[in-house]
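K.L.:
So that you have it, the file is input.cif, and it contains mmCIF, C-alpha atoms:
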data_run
loop_
_atom_site.label_atom_id
_atom_site.label_comp_id
_atom_site.auth_asym_id
_atom_site.auth_seq_id
_atom_site.Cartn_x
_atom_site.Cartn_y
_atom_site.Cartn_z
CA MET A 1 0.00 0.00 0.00
CA GLU A 2 2.81 2.31 0.98
CA SER A 3 4.52 1.84 -2.34
CA ILE A 4 1.36 2.66 -4.31
CA ASN A 5 1.05 5.94 -2.49
CA GLU A 6 4.69 6.69 -3.09
CA LEU A 7 4.28 5.98 -6.77
CA ILE A 8 1.16 8.15 -6.98
CA ASN A 9 2.96 10.96 -5.19
CA SER A 10 5.95 10.86 -7.48
CA LEU A 11 3.67 10.80 -10.53
CA ILE A 12 1.75 13.79 -9.19
CA VAL A 13 4.99 15.69 -8.66
CA GLU A 14 5.99 14.91 -12.23
CA LEU A 15 2.58 15.99 -13.53
CA LYS A 16 2.79 19.28 -11.68
CA ARG A 17 6.39 20.02 -12.62
CA GLY A 18 5.42 20.92 -16.17
CA THR A 19 2.84 23.42 -14.95
CA LEU A 20 5.22 25.32 -12.64
CA VAL A 21 6.45 27.76 -15.27
CA LEU A 22 2.94 28.47 -16.47
CA SER A 23 1.66 29.18 -12.95
CA VAL A 24 4.59 31.49 -12.21
CA LEU A 25 4.30 33.39 -15.51
CA SER A 26 0.56 33.80 -15.00
CA GLN A 27 1.09 35.76 -11.79
CA LEU A 28 3.79 38.12 -12.99
CA SER A 29 2.05 40.66 -15.20
CA LYS A 30 2.68 42.95 -12.20
CA PRO A 31 5.99 42.92 -10.31
CA GLU A 32 6.24 40.54 -7.37
CA TYR A 33 9.09 39.54 -5.07
CA GLY A 34 9.78 35.97 -4.08
CA TYR A 35 7.76 35.82 -0.91
CA SER A 36 4.78 37.83 -2.18
CA LEU A 37 4.54 35.53 -5.20
CA ALA A 38 4.69 32.46 -2.96
CA GLN A 39 1.87 33.93 -0.85
CA LYS A 40 -0.20 34.78 -3.88
CA LEU A 41 0.13 31.25 -5.28
CA GLU A 42 -0.71 29.76 -1.92
CA GLU A 43 -3.85 31.90 -1.59
CA LYS A 44 -4.93 30.66 -5.00
CA ASN A 45 -4.42 27.05 -3.91
CA THR A 46 -1.47 26.43 -6.23
CA PRO A 47 1.39 26.52 -3.74
CA ILE A 48 4.97 26.07 -4.97
CA GLU A 49 7.63 25.18 -2.47
CA ALA A 50 9.94 28.08 -1.60
CA GLY A 51 13.03 26.02 -2.43
CA THR A 52 11.67 25.45 -5.94
CA LEU A 53 10.14 28.85 -6.58
CA TYR A 54 13.08 31.12 -5.75
CA PRO A 55 15.62 29.41 -7.99
CA LEU A 56 12.96 29.08 -10.73
CA LEU A 57 12.52 32.87 -10.81
CA ARG A 58 16.23 33.31 -11.42
CA ARG A 59 16.27 30.69 -14.15
CA LEU A 60 13.33 32.33 -15.92
CA GLU A 61 15.14 35.63 -15.70
CA LYS A 62 18.22 34.07 -17.25
CA GLN A 63 16.02 32.80 -20.09
CA ASN A 64 14.89 36.40 -20.58
CA LEU A 65 11.27 35.63 -19.71
CA LEU A 66 11.40 37.86 -16.64
CA THR A 67 13.18 41.07 -15.78
CA SER A 68 14.13 41.95 -12.25
CA GLN A 69 14.83 45.02 -10.20
CA TRP A 70 16.00 45.52 -6.65
CA ASP A 71 13.71 47.77 -4.64
CA THR A 72 15.64 49.36 -1.82
CA SER A 73 13.10 52.02 -0.84
CA GLU A 74 11.67 49.98 2.02
CA SER A 75 13.39 48.78 5.17
CA ARG A 76 14.26 45.48 3.56
CA PRO A 77 15.66 45.34 -0.01
CA ARG A 78 13.57 43.10 -2.25
CA LYS A 79 14.08 41.78 -5.74
CA PHE A 80 10.99 42.26 -7.88
CA TYR A 81 10.33 40.16 -10.96
CA VAL A 82 7.97 40.98 -13.84
CA LEU A 83 7.21 39.48 -17.27
CA SER A 84 9.43 40.77 -20.08
CA ASP A 85 8.02 41.28 -23.58
CA MET A 86 9.38 37.92 -24.56
CA GLY A 87 7.92 36.48 -21.36
CA LYS A 88 4.48 37.79 -22.29
CA GLU A 89 4.72 36.19 -25.71
CA VAL A 90 5.86 32.87 -24.25
CA TYR A 91 3.16 33.02 -21.60
CA ASN A 92 0.44 33.51 -24.22
CA SER A 93 1.68 30.55 -26.26
CA LEU A 94 1.91 28.35 -23.18
CA LYS A 95 -1.55 29.43 -22.10
CA GLU A 96 -3.01 28.40 -25.46
CA GLU A 97 -1.15 25.12 -25.31
CA TRP A 98 -2.44 24.46 -21.82
CA ARG A 99 -6.05 25.12 -22.85
CA ALA A 100 -5.76 22.74 -25.78
CA LEU A 101 -4.02 20.14 -23.66
CA SER A 102 -6.59 20.21 -20.89
CA ARG A 103 -9.44 20.05 -23.42
CA GLN A 104 -7.85 17.03 -25.03
CA LEU A 105 -7.21 15.29 -21.73
CA GLN A 106 -10.69 16.12 -20.52
CA GLY A 107 -12.02 14.50 -23.67
CA LEU A 108 -9.96 11.37 -23.09
CA ILE A 109 -11.04 11.04 -19.48
CA GLU A 110 -14.74 11.69 -20.09
CA GLU A 111 -14.86 9.29 -23.01
CA GLU A 112 -13.38 6.62 -20.83
CA GLU A 113 -15.83 7.30 -17.96
CA ALA A 114 -18.92 7.36 -20.16
CA MET B 1 27.39 33.75 12.63
CA SER B 2 23.63 33.39 12.75
CA ILE B 3 21.96 30.23 11.61
CA ILE B 4 20.43 32.10 8.64
CA GLU B 5 23.84 33.34 7.48
CA ARG B 6 25.24 29.84 7.86
CA TYR B 7 22.43 28.51 5.69
CA ILE B 8 22.95 31.19 3.02
CA LEU B 9 26.68 30.50 2.97
CA ALA B 10 26.04 26.77 2.62
CA VAL B 11 24.01 27.50 -0.53
CA THR B 12 26.16 30.21 -2.11
CA GLU B 13 29.53 28.53 -1.58
CA ARG B 14 28.34 25.90 -4.07
CA LEU B 15 27.54 28.51 -6.71
CA PRO B 16 29.79 30.18 -9.27
CA GLU B 17 31.47 33.32 -8.00
CA GLU B 18 29.54 35.77 -10.17
CA MET B 19 26.06 34.82 -8.91
CA ARG B 20 26.93 34.38 -5.22
CA TYR B 21 26.34 37.89 -3.97
CA ASP B 22 23.00 38.43 -5.67
CA VAL B 23 21.64 35.01 -4.67
CA ALA B 24 22.71 35.64 -1.07
CA GLU B 25 20.96 39.02 -0.98
CA GLU B 26 17.80 37.64 -2.47
CA LEU B 27 17.76 34.54 -0.31
CA ARG B 28 18.27 36.66 2.80
CA SER B 29 15.38 38.95 1.96
CA ASN B 30 13.15 35.96 1.10
CA ILE B 31 13.99 34.19 4.34
CA GLU B 32 13.30 37.33 6.35
CA ASP B 33 10.00 37.73 4.54
CA MET B 34 9.05 34.20 5.51
CA LEU B 35 9.72 34.92 9.18
CA PRO B 36 7.48 36.79 11.60
CA GLU B 37 8.84 39.86 13.44
CA ASN B 38 11.37 38.89 16.12
CA ALA B 39 11.29 35.25 15.14
CA ALA B 40 12.24 32.65 17.71
CA GLU B 41 14.94 30.11 16.95
CA ASP B 42 12.51 27.26 16.29
CA GLU B 43 10.60 29.43 13.80
CA ILE B 44 13.84 30.15 11.96
CA ARG B 45 14.64 26.46 11.98
CA SER B 46 11.32 25.49 10.49
CA VAL B 47 11.62 28.08 7.70
CA LEU B 48 15.11 26.91 6.79
CA GLU B 49 14.02 23.29 6.88
CA LYS B 50 11.19 24.21 4.53
CA LEU B 51 13.78 25.55 2.09
CA GLY B 52 15.52 22.20 2.36
CA ASN B 53 19.02 20.88 1.90
CA PRO B 54 21.35 23.73 0.81
CA ARG B 55 23.08 21.40 -1.61
CA LYS B 56 19.80 20.74 -3.40
CA LEU B 57 18.88 24.41 -3.38
CA ALA B 58 22.26 25.30 -4.91
CA GLN B 59 21.62 22.73 -7.65
CA GLU B 60 18.28 24.36 -8.39
CA TYR B 61 20.00 27.71 -8.69
CA ASN B 62 22.68 26.43 -11.00
CA PRO B 63 21.55 23.38 -12.95
CA GLY B 64 23.62 21.96 -15.77
CA LYS B 65 26.34 19.47 -16.54
CA ARG B 66 28.33 19.25 -13.39
CA PHE B 67 30.24 16.09 -14.05
CA LEU B 68 33.37 15.41 -16.03
CA ILE B 69 32.34 12.06 -17.43
CA GLY B 70 28.72 10.97 -17.49
CA PRO B 71 27.22 7.53 -16.93
CA ALA B 72 27.02 6.81 -20.66
CA LEU B 73 30.80 6.90 -20.96
CA TYR B 74 31.81 5.81 -17.48
CA ASP B 75 32.33 2.09 -18.17
CA ASN B 76 34.30 2.87 -21.31
CA TYR B 77 36.35 5.38 -19.38
CA ILE B 78 37.33 2.80 -16.77
CA SER B 79 38.30 0.16 -19.31
CA VAL B 80 40.30 2.59 -21.46
CA LEU B 81 41.96 3.97 -18.33
CA LYS B 82 43.06 0.47 -17.30
CA THR B 83 44.35 -0.30 -20.79
CA VAL B 84 46.30 2.92 -21.19
CA VAL B 85 47.77 2.76 -17.69
CA ALA B 86 48.79 -0.83 -18.36
CA ILE B 87 50.55 0.29 -21.55
CA ALA B 88 52.09 3.51 -20.25
CA ILE B 89 53.69 2.13 -17.10
CA PRO B 90 55.87 -0.54 -18.76
CA VAL B 91 56.70 1.74 -21.72
CA LEU B 92 57.91 4.54 -19.49
CA MET B 93 59.73 2.11 -17.22
CA CYS B 94 61.60 0.58 -20.17
CA LEU B 95 62.49 3.99 -21.62
CA SER B 96 63.77 5.33 -18.35
CA LEU B 97 65.78 2.19 -17.64
CA LEU B 98 67.35 2.34 -21.11
CA ASP B 99 68.20 5.96 -20.54
CA TRP B 100 69.65 5.20 -17.16
CA PHE B 101 71.84 2.34 -18.41
CA ASN B 102 73.16 4.65 -21.09
CA LYS B 103 74.14 7.32 -18.66
CA ASP B 104 75.49 5.37 -15.76
CA THR B 105 77.75 2.45 -16.39
CA SER B 106 80.53 3.08 -13.96
CA ALA B 107 78.76 3.23 -10.60
CA GLU B 108 79.35 0.63 -7.94
CA ILE B 109 76.93 -2.25 -7.60
CA GLY B 110 75.02 -0.99 -4.54
CA LYS B 111 74.33 2.34 -6.24
CA VAL B 112 73.35 0.52 -9.42
CA TRP B 113 70.58 -1.36 -7.66
CA ALA B 114 69.39 1.67 -5.72
CA GLY B 115 69.33 3.77 -8.89
CA LEU B 116 67.60 1.02 -10.82
CA PHE B 117 64.96 0.69 -8.17
CA SER B 118 64.17 4.38 -7.72
CA ASN B 119 64.18 4.87 -11.48
CA ALA B 120 61.69 2.06 -11.98
CA ILE B 121 59.35 3.29 -9.25
CA GLY B 122 59.55 6.91 -10.38
CA SER B 123 58.83 6.18 -14.00
CA ALA B 124 56.02 3.75 -13.15
CA LEU B 125 54.41 6.51 -11.10
CA GLU B 126 54.92 9.06 -13.82
CA GLY B 127 53.49 6.68 -16.43
CA GLY B 128 50.41 6.03 -14.33
CA LEU B 129 49.77 9.70 -13.62
CA GLN B 130 50.39 10.82 -17.21
CA ALA B 131 48.14 8.07 -18.54
CA ALA B 132 45.34 8.91 -16.10
CA PHE B 133 45.57 12.59 -16.95
CA TRP B 134 45.52 12.19 -20.72
CA VAL B 135 42.78 9.56 -20.76
CA THR B 136 40.62 11.73 -18.52
CA LEU B 137 41.26 14.73 -20.76
CA VAL B 138 40.29 12.73 -23.85
CA PHE B 139 37.06 11.53 -22.24
CA VAL B 140 36.16 15.02 -21.10
CA ILE B 141 36.60 16.16 -24.71
CA ILE B 142 34.40 13.31 -25.92
CA GLU B 143 31.78 14.04 -23.27
CA ARG B 144 31.65 17.77 -23.98
CA SER B 145 31.77 17.54 -27.76
CA GLY B 146 28.91 15.04 -27.88
CA VAL B 147 30.80 12.78 -30.29
CA ASN B 148 29.49 9.76 -28.50
CA GLU B 149 25.81 10.57 -29.01
CA ASN B 150 26.40 11.50 -32.64
CA GLU B 151 25.61 15.03 -31.60
CA LEU B 152 28.46 16.81 -33.24
CA PRO B 153 27.66 20.51 -33.20
CA PHE B 154 28.42 20.92 -36.90
CA ALA B 155 26.28 17.95 -37.88
CA ARG B 156 23.12 18.68 -35.94
CA LYS B 157 20.38 17.31 -38.08
CA LYS B 158 17.33 15.20 -37.53
CA TRP B 159 17.98 11.57 -36.77
CA SER B 160 17.04 9.32 -39.65
CA ILE B 161 16.49 5.60 -39.85
CA ASP B 162 19.57 5.38 -42.10
CA GLU B 163 21.74 6.01 -39.07
CA LEU B 164 20.53 2.82 -37.43
CA PRO B 165 23.56 0.51 -37.29
CA THR B 166 23.23 -2.35 -39.76
CA SER B 167 22.92 -5.62 -37.99
CA PRO B 168 24.93 -7.74 -38.11
CA VAL B 169 27.73 -5.23 -38.68
CA PRO B 170 29.44 -6.08 -41.97
CA LYS B 171 32.70 -7.81 -41.22
CA LYS B 172 34.81 -5.25 -43.06
CA ALA B 173 33.42 -2.43 -40.90
CA LEU B 174 34.39 -4.08 -37.62
CA ILE B 175 37.38 -2.74 -35.70
CA SER B 176 39.20 -5.41 -33.78
CA ARG B 177 40.06 -4.77 -30.14
CA ALA B 178 43.74 -5.00 -31.02
CA ASP B 179 43.59 -2.02 -33.41
CA PRO B 180 43.01 0.80 -30.87
CA ILE B 181 45.27 -0.90 -28.32
CA VAL B 182 48.19 -1.14 -30.77
CA SER B 183 47.58 2.44 -31.82
CA MET B 184 47.54 3.60 -28.16
CA PHE B 185 50.74 1.66 -27.55
CA LEU B 186 52.54 3.21 -30.53
CA THR B 187 51.28 6.70 -29.71
CA ILE B 188 52.44 6.42 -26.11
CA LEU B 189 55.78 4.91 -27.11
CA PHE B 190 56.67 7.52 -29.75
CA THR B 191 55.34 10.48 -27.83
CA SER B 192 57.09 9.63 -24.60
CA LEU B 193 60.26 8.79 -26.50
CA ILE B 194 60.33 12.12 -28.32
CA TYR B 195 58.91 14.22 -25.50
CA LEU B 196 60.54 12.71 -22.42
CA LYS B 197 63.67 10.94 -23.69
CA PRO B 198 64.77 12.43 -27.03
CA GLN B 199 68.36 11.56 -26.12
CA LEU B 200 67.54 7.88 -26.66
CA ILE B 201 67.00 8.47 -30.37
CA ALA B 202 70.66 8.16 -31.24
CA VAL B 203 73.30 6.17 -32.98
CA TYR B 204 75.03 3.95 -30.48
CA ILE B 205 78.68 3.26 -31.13
CA ASN B 206 80.46 0.62 -29.13
CA ASP B 207 84.12 0.95 -29.93
CA PRO B 208 86.36 -1.14 -27.73
CA GLY B 209 87.29 0.97 -24.76
CA ARG B 210 84.59 3.56 -25.05
CA SER B 211 81.02 3.75 -26.15
CA GLU B 212 79.12 6.81 -27.16
CA ALA B 213 75.66 7.79 -28.30
CA ILE B 214 75.27 10.43 -30.98
CA ARG B 215 71.88 12.02 -30.98
CA LEU B 216 69.93 12.06 -34.20
CA PHE B 217 68.13 15.32 -33.45
CA ASP B 218 69.21 18.77 -32.45
CA ASN B 219 67.52 19.22 -29.09
CA ASP B 220 66.59 22.90 -29.35
CA ARG B 221 65.19 22.51 -32.84
CA LEU B 222 63.19 19.45 -31.76
CA LYS B 223 61.55 21.50 -29.00
CA LEU B 224 59.90 23.66 -31.67
CA PHE B 225 58.02 20.62 -32.91
CA ILE B 226 56.92 19.38 -29.48
CA PRO B 227 53.57 21.27 -29.32
CA ALA B 228 52.53 19.94 -32.72
CA ILE B 229 53.62 16.44 -31.77
CA LEU B 230 51.67 16.53 -28.50
CA LEU B 231 48.58 17.90 -30.20
CA LEU B 232 48.72 15.21 -32.83
CA ALA B 233 49.28 12.54 -30.18
CA LEU B 234 46.28 13.77 -28.23
CA PHE B 235 44.17 13.64 -31.37
CA GLN B 236 45.46 10.16 -32.13
CA LEU B 237 44.57 9.08 -28.60
CA CYS B 238 41.05 10.52 -29.04
CA ILE B 239 40.60 8.51 -32.21
CA ALA B 240 41.90 5.33 -30.57
CA VAL B 241 39.43 5.80 -27.71
CA TRP B 242 36.65 6.47 -30.18
CA LYS B 243 37.50 3.25 -32.03
CA PHE B 244 37.67 1.42 -28.71
CA ILE B 245 34.14 2.55 -27.82
CA GLN B 246 32.46 2.26 -31.18
CA MET B 247 34.18 -0.91 -32.41
CA ARG B 248 33.09 -0.28 -36.00
CA TRP B 249 33.99 2.18 -38.72
CA THR B 250 31.58 5.04 -39.28
CA LEU B 251 31.91 7.98 -41.61
CA PRO B 252 32.74 10.60 -38.94
CA LEU B 253 35.35 8.26 -37.46
CA ALA B 254 36.89 7.59 -40.87
CA VAL B 255 36.96 11.33 -41.59
CA ALA B 256 38.65 12.06 -38.25
CA ASN B 257 41.11 9.29 -39.04
CA ALA B 258 41.82 10.87 -42.42
CA VAL B 259 42.41 14.26 -40.81
CA GLN B 260 44.81 12.60 -38.41
CA ASP B 261 46.65 10.92 -41.30
CA VAL B 262 46.99 14.16 -43.23
CA GLY B 263 48.22 15.91 -40.07
CA SER B 264 50.86 13.26 -39.35
CA ALA B 265 51.97 13.22 -42.97
CA LEU B 266 52.43 16.99 -42.94
CA LEU B 267 54.38 16.91 -39.70
CA PHE B 268 56.51 14.01 -40.93
CA ILE B 269 57.37 15.79 -44.18
CA ILE B 270 58.19 19.07 -42.48
CA MET B 271 60.37 17.38 -39.87
CA CYS B 272 62.20 15.09 -42.30
CA ASN B 273 63.11 17.93 -44.60
CA ASP B 274 64.13 20.37 -41.90
CA ARG B 275 67.89 20.68 -42.27
CA LEU B 276 68.31 22.20 -38.82
CA LEU B 277 66.50 19.38 -37.05
CA PHE B 278 69.34 16.90 -37.42
CA ASN B 279 72.41 16.94 -35.25
CA PRO B 280 75.58 18.02 -37.19
CA ASP B 281 77.63 15.50 -35.18
CA PHE B 282 75.43 12.78 -36.53
CA PHE B 283 76.19 13.78 -40.13
CA GLU B 284 79.89 13.85 -39.36
CA LYS B 285 79.78 10.36 -37.91
CA LEU B 286 77.72 9.18 -40.85
CA SER B 287 80.19 10.57 -43.38
CA GLN B 288 83.08 8.89 -41.58
CA TRP B 289 81.20 5.64 -41.58
CA LEU B 290 80.17 5.87 -45.24
CA LYS B 291 83.63 7.18 -46.17
CA LEU B 292 82.03 10.02 -48.16
CA PRO B 293 82.57 13.77 -47.96
CA LEU B 294 80.25 15.57 -45.52
CA ASP B 295 78.32 17.51 -48.21
CA THR B 296 77.58 14.39 -50.22
CA THR B 297 76.49 12.56 -47.08
CA ILE B 298 74.05 15.30 -46.14
CA ASP B 299 72.65 15.45 -49.67
CA LYS B 300 72.20 11.71 -49.75
CA TRP B 301 70.49 11.77 -46.34
CA PHE B 302 67.91 14.33 -47.44
CA THR B 303 67.31 12.50 -50.71
CA GLY B 304 66.55 9.50 -48.54
CA MET B 305 64.24 11.62 -46.39
CA GLN B 306 62.37 12.79 -49.48
CA ALA B 307 61.88 9.19 -50.51
CA ALA B 308 60.65 8.40 -46.99
CA SER B 309 58.18 11.31 -47.22
CA VAL B 310 56.78 9.97 -50.48
CA ILE B 311 56.40 6.50 -48.98
CA PHE B 312 54.69 8.00 -45.92
CA ILE B 313 52.24 9.91 -48.11
CA VAL B 314 51.43 6.80 -50.12
CA ILE B 315 50.82 4.76 -46.96
CA CYS B 316 48.55 7.50 -45.53
CA ALA B 317 46.61 7.77 -48.79
CA ILE B 318 46.09 4.00 -48.95
CA ASN B 319 45.01 4.00 -45.31
CA ILE B 320 42.52 6.83 -45.87
CA ILE B 321 40.99 5.16 -48.92
CA PHE B 322 40.69 1.79 -47.21
CA THR B 323 39.05 3.13 -44.05
CA LEU B 324 36.62 5.25 -46.06
CA ARG B 325 35.68 2.18 -48.08
CA LYS B 326 35.19 0.18 -44.92
CA CYS B 327 32.41 2.43 -43.68
CA LYS B 328 30.62 2.50 -47.03
CA ARG B 329 27.43 0.47 -46.91
#
Let's see the structure in the file written out as structure tokens.
P.N.:
Amino acid sequence: MESINELINSLIVELKRGTLVLSVLSQLSKPEYGYSLAQKLEEKNTPIEAGTLYPLLRRLEKQNLLTSQWDTSESRPRKFYVLSDMGKEVYNSLKEEWRALSRQLQGLIEEEEA
Amino acid sequence: MSIIERYILAVTERLPEEMRYDVAEELRSNIEDMLPENAAEDEIRSVLEKLGNPRKLAQEYNPGKRFLIGPALYDNYISVLKTVVAIAIPVLMCLSLLDWFNKDTSAEIGKVWAGLFSNAIGSALEGGLQAAFWVTLVFVIIERSGVNENELPFARKKWSIDELPTSPVPKKALISRADPIVSMFLTILFTSLIYLKPQLIAVYINDPGRSEAIRLFDNDRLKLFIPAILLLALFQLCIAVWKFIQMRWTLPLAVANAVQDVGSALLFIIMCNDRLLFNPDFFEKLSQWLKLPLDTTIDKWFTGMQAASVIFIVICAINIIFTLRKCKR
């Protein structure tokens, strides 16, 4: 029994991994810093672990999908990330792809259940 | 140092220099954001534990190839390493013993044995280390260049069914195990002879009463050729390893082999016809021995060298044609 749950868990992690970038891009039309983004995702019931999210932001920035800026006006300096033009374009394509994908999968699952 | 700073250091010390500072700043501000005002120690602990193992976090920050030789090549690496070490140690031991016998014939018997022993150990060690270094270097080149996965950067095209190896492999396309091993042996022998012990390439004269060795090459002039020789040897070693792994002729391998042949032919021709490369003493000895005037001797020698160059070119050309034909379907 234990091993089935383990297998299911690892498959769920794999399933979610592909959606991480899409969820992060979807929340960055306005600038956010690491913690505020984590909070926002958590409130919307799509939490991403801090240890995954923070490095992911940097990697997306390196891929030129995000731009970043340090804000030092408050007591604690924070690094804000926001979609770049290229990021917006990529986000729109991914969004379309996701819609198609979920429609297709929905079709498969419903057909099987009917 | 606070526990937070220790955590940040544990992450950033595993990152490349240029991203350390920024990651540290960001991580610090994120951690502080995750903590309530005036956090207690156990709250700090739980936040850091939520971020997880610093080693894993550092990997997330800086993913990519962080190994010298990957699992696909590892087994090959070990077997080539064993083979080359097994070749290099005896070769270097023999060369250094030969050299030592040449130099030292008058010492007393106790010193002879001590010298023999330390020489043997030293050269065995040197052979092992040199072999390990060069083999590792060759495999790193293979790993990084993607030769092994047929992912040469200049040949990036879609995989087609034509690339599927024919089965069974036609007999003429097979490379026997002995081929790369012999080629490694010869490469190691010649390179270490020319690079480490050029004084052994000499004419040995044993007149009664005294014996002398007259070097074939002028040492300073030979040094000019050393970089080219080493480069060519490294390339030759790469090809031998490639043969060792693939065990059959393919077009890229045959082309690399052809490039190697052309390179060696060029170097051979340039060296053979370089009048300053040969030791003047050697020509003098040769003219005495042939009972000819010095000028005639030198002319005859270089005529001979020209003939040798032609023979070398012919052998290389035949070799190139044959290997290219072997990989034709």
K.L.:
What residues in chain A lie within 9 Å of chain B, counting all atoms listed in the file, written as a PyMOL selection string?
P.N.:
chain A and resi 33-36+49-52+54-56+58-59+76-79
K.L.:
So which one's closest to B:Tyr204, B:Thr136, B:Val262, B:Ile8, B:Leu216? Using only C-alpha atoms, please.
P.N.:
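Closest candidate: B:Leu216.
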K.L.:
How far is it from atom CA of B:Ile214 to atom CA of B:Phe282, in Å with one decimal?
P.N.:
6.0 Å
K.L.:
Just want the 10 Å neighbourhood of stretch 116-118 of chain B, counted on all atoms listed in the file, with same-chain residues fewer than 4 positions away dropped. Output as number ranges by chain.
P.N.:
B: 96-97, 100-101, 110-112, 122-124
K.L.:
Using all atoms listed in the file, can you tell me which of A:Asn9, A:Pro31, A:Lys95, A:Glu2 comes closest to A:Asp71?
P.N.:
A:Pro31
K.L.:
Between A:Trp98, A:Leu28, A:Leu108, A:Leu37, which is the closest to A:Asp85 once you count only C-alpha atoms?
P.N.:
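For A:Asp85, the nearest of the candidates is A:Leu28.
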K.L.:
Let me have the centre and edge lengths in Å, one decimal, of the box along x, y and z around every listed atom of stretch 45-56 of chain B with 3 Å of margin on each side, as JSON.
P.N.:
{"center_x": 17.1, "center_y": 24.4, "center_z": 4.3, "size_x": 17.9, "size_y": 13.3, "size_z": 21.4}
K.L.:
State, in Å with one decimal place, the distance from atom CA of B:Ile311 to atom CA of B:Met271.
P.N.:
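Separation between atom CA of B:Ile311 and atom CA of B:Met271: 14.7 Å.
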K.L.:
Taking 2 positions as the minimum chain separation for residues in the same chain, which residues sit within 8 Å of stretch 12-25 of chain A when counting only C-alpha atoms? Answer as a list of chain:residue names.
P.N.:
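In the requested form, the answer reads A:Ile8, A:Asn9, A:Ser10, A:Gln27, A:Leu28, A:Ser29, A:Thr46, A:Ile48, A:Leu83, A:Gly87, A:Tyr91, A:Leu94, A:Lys95.
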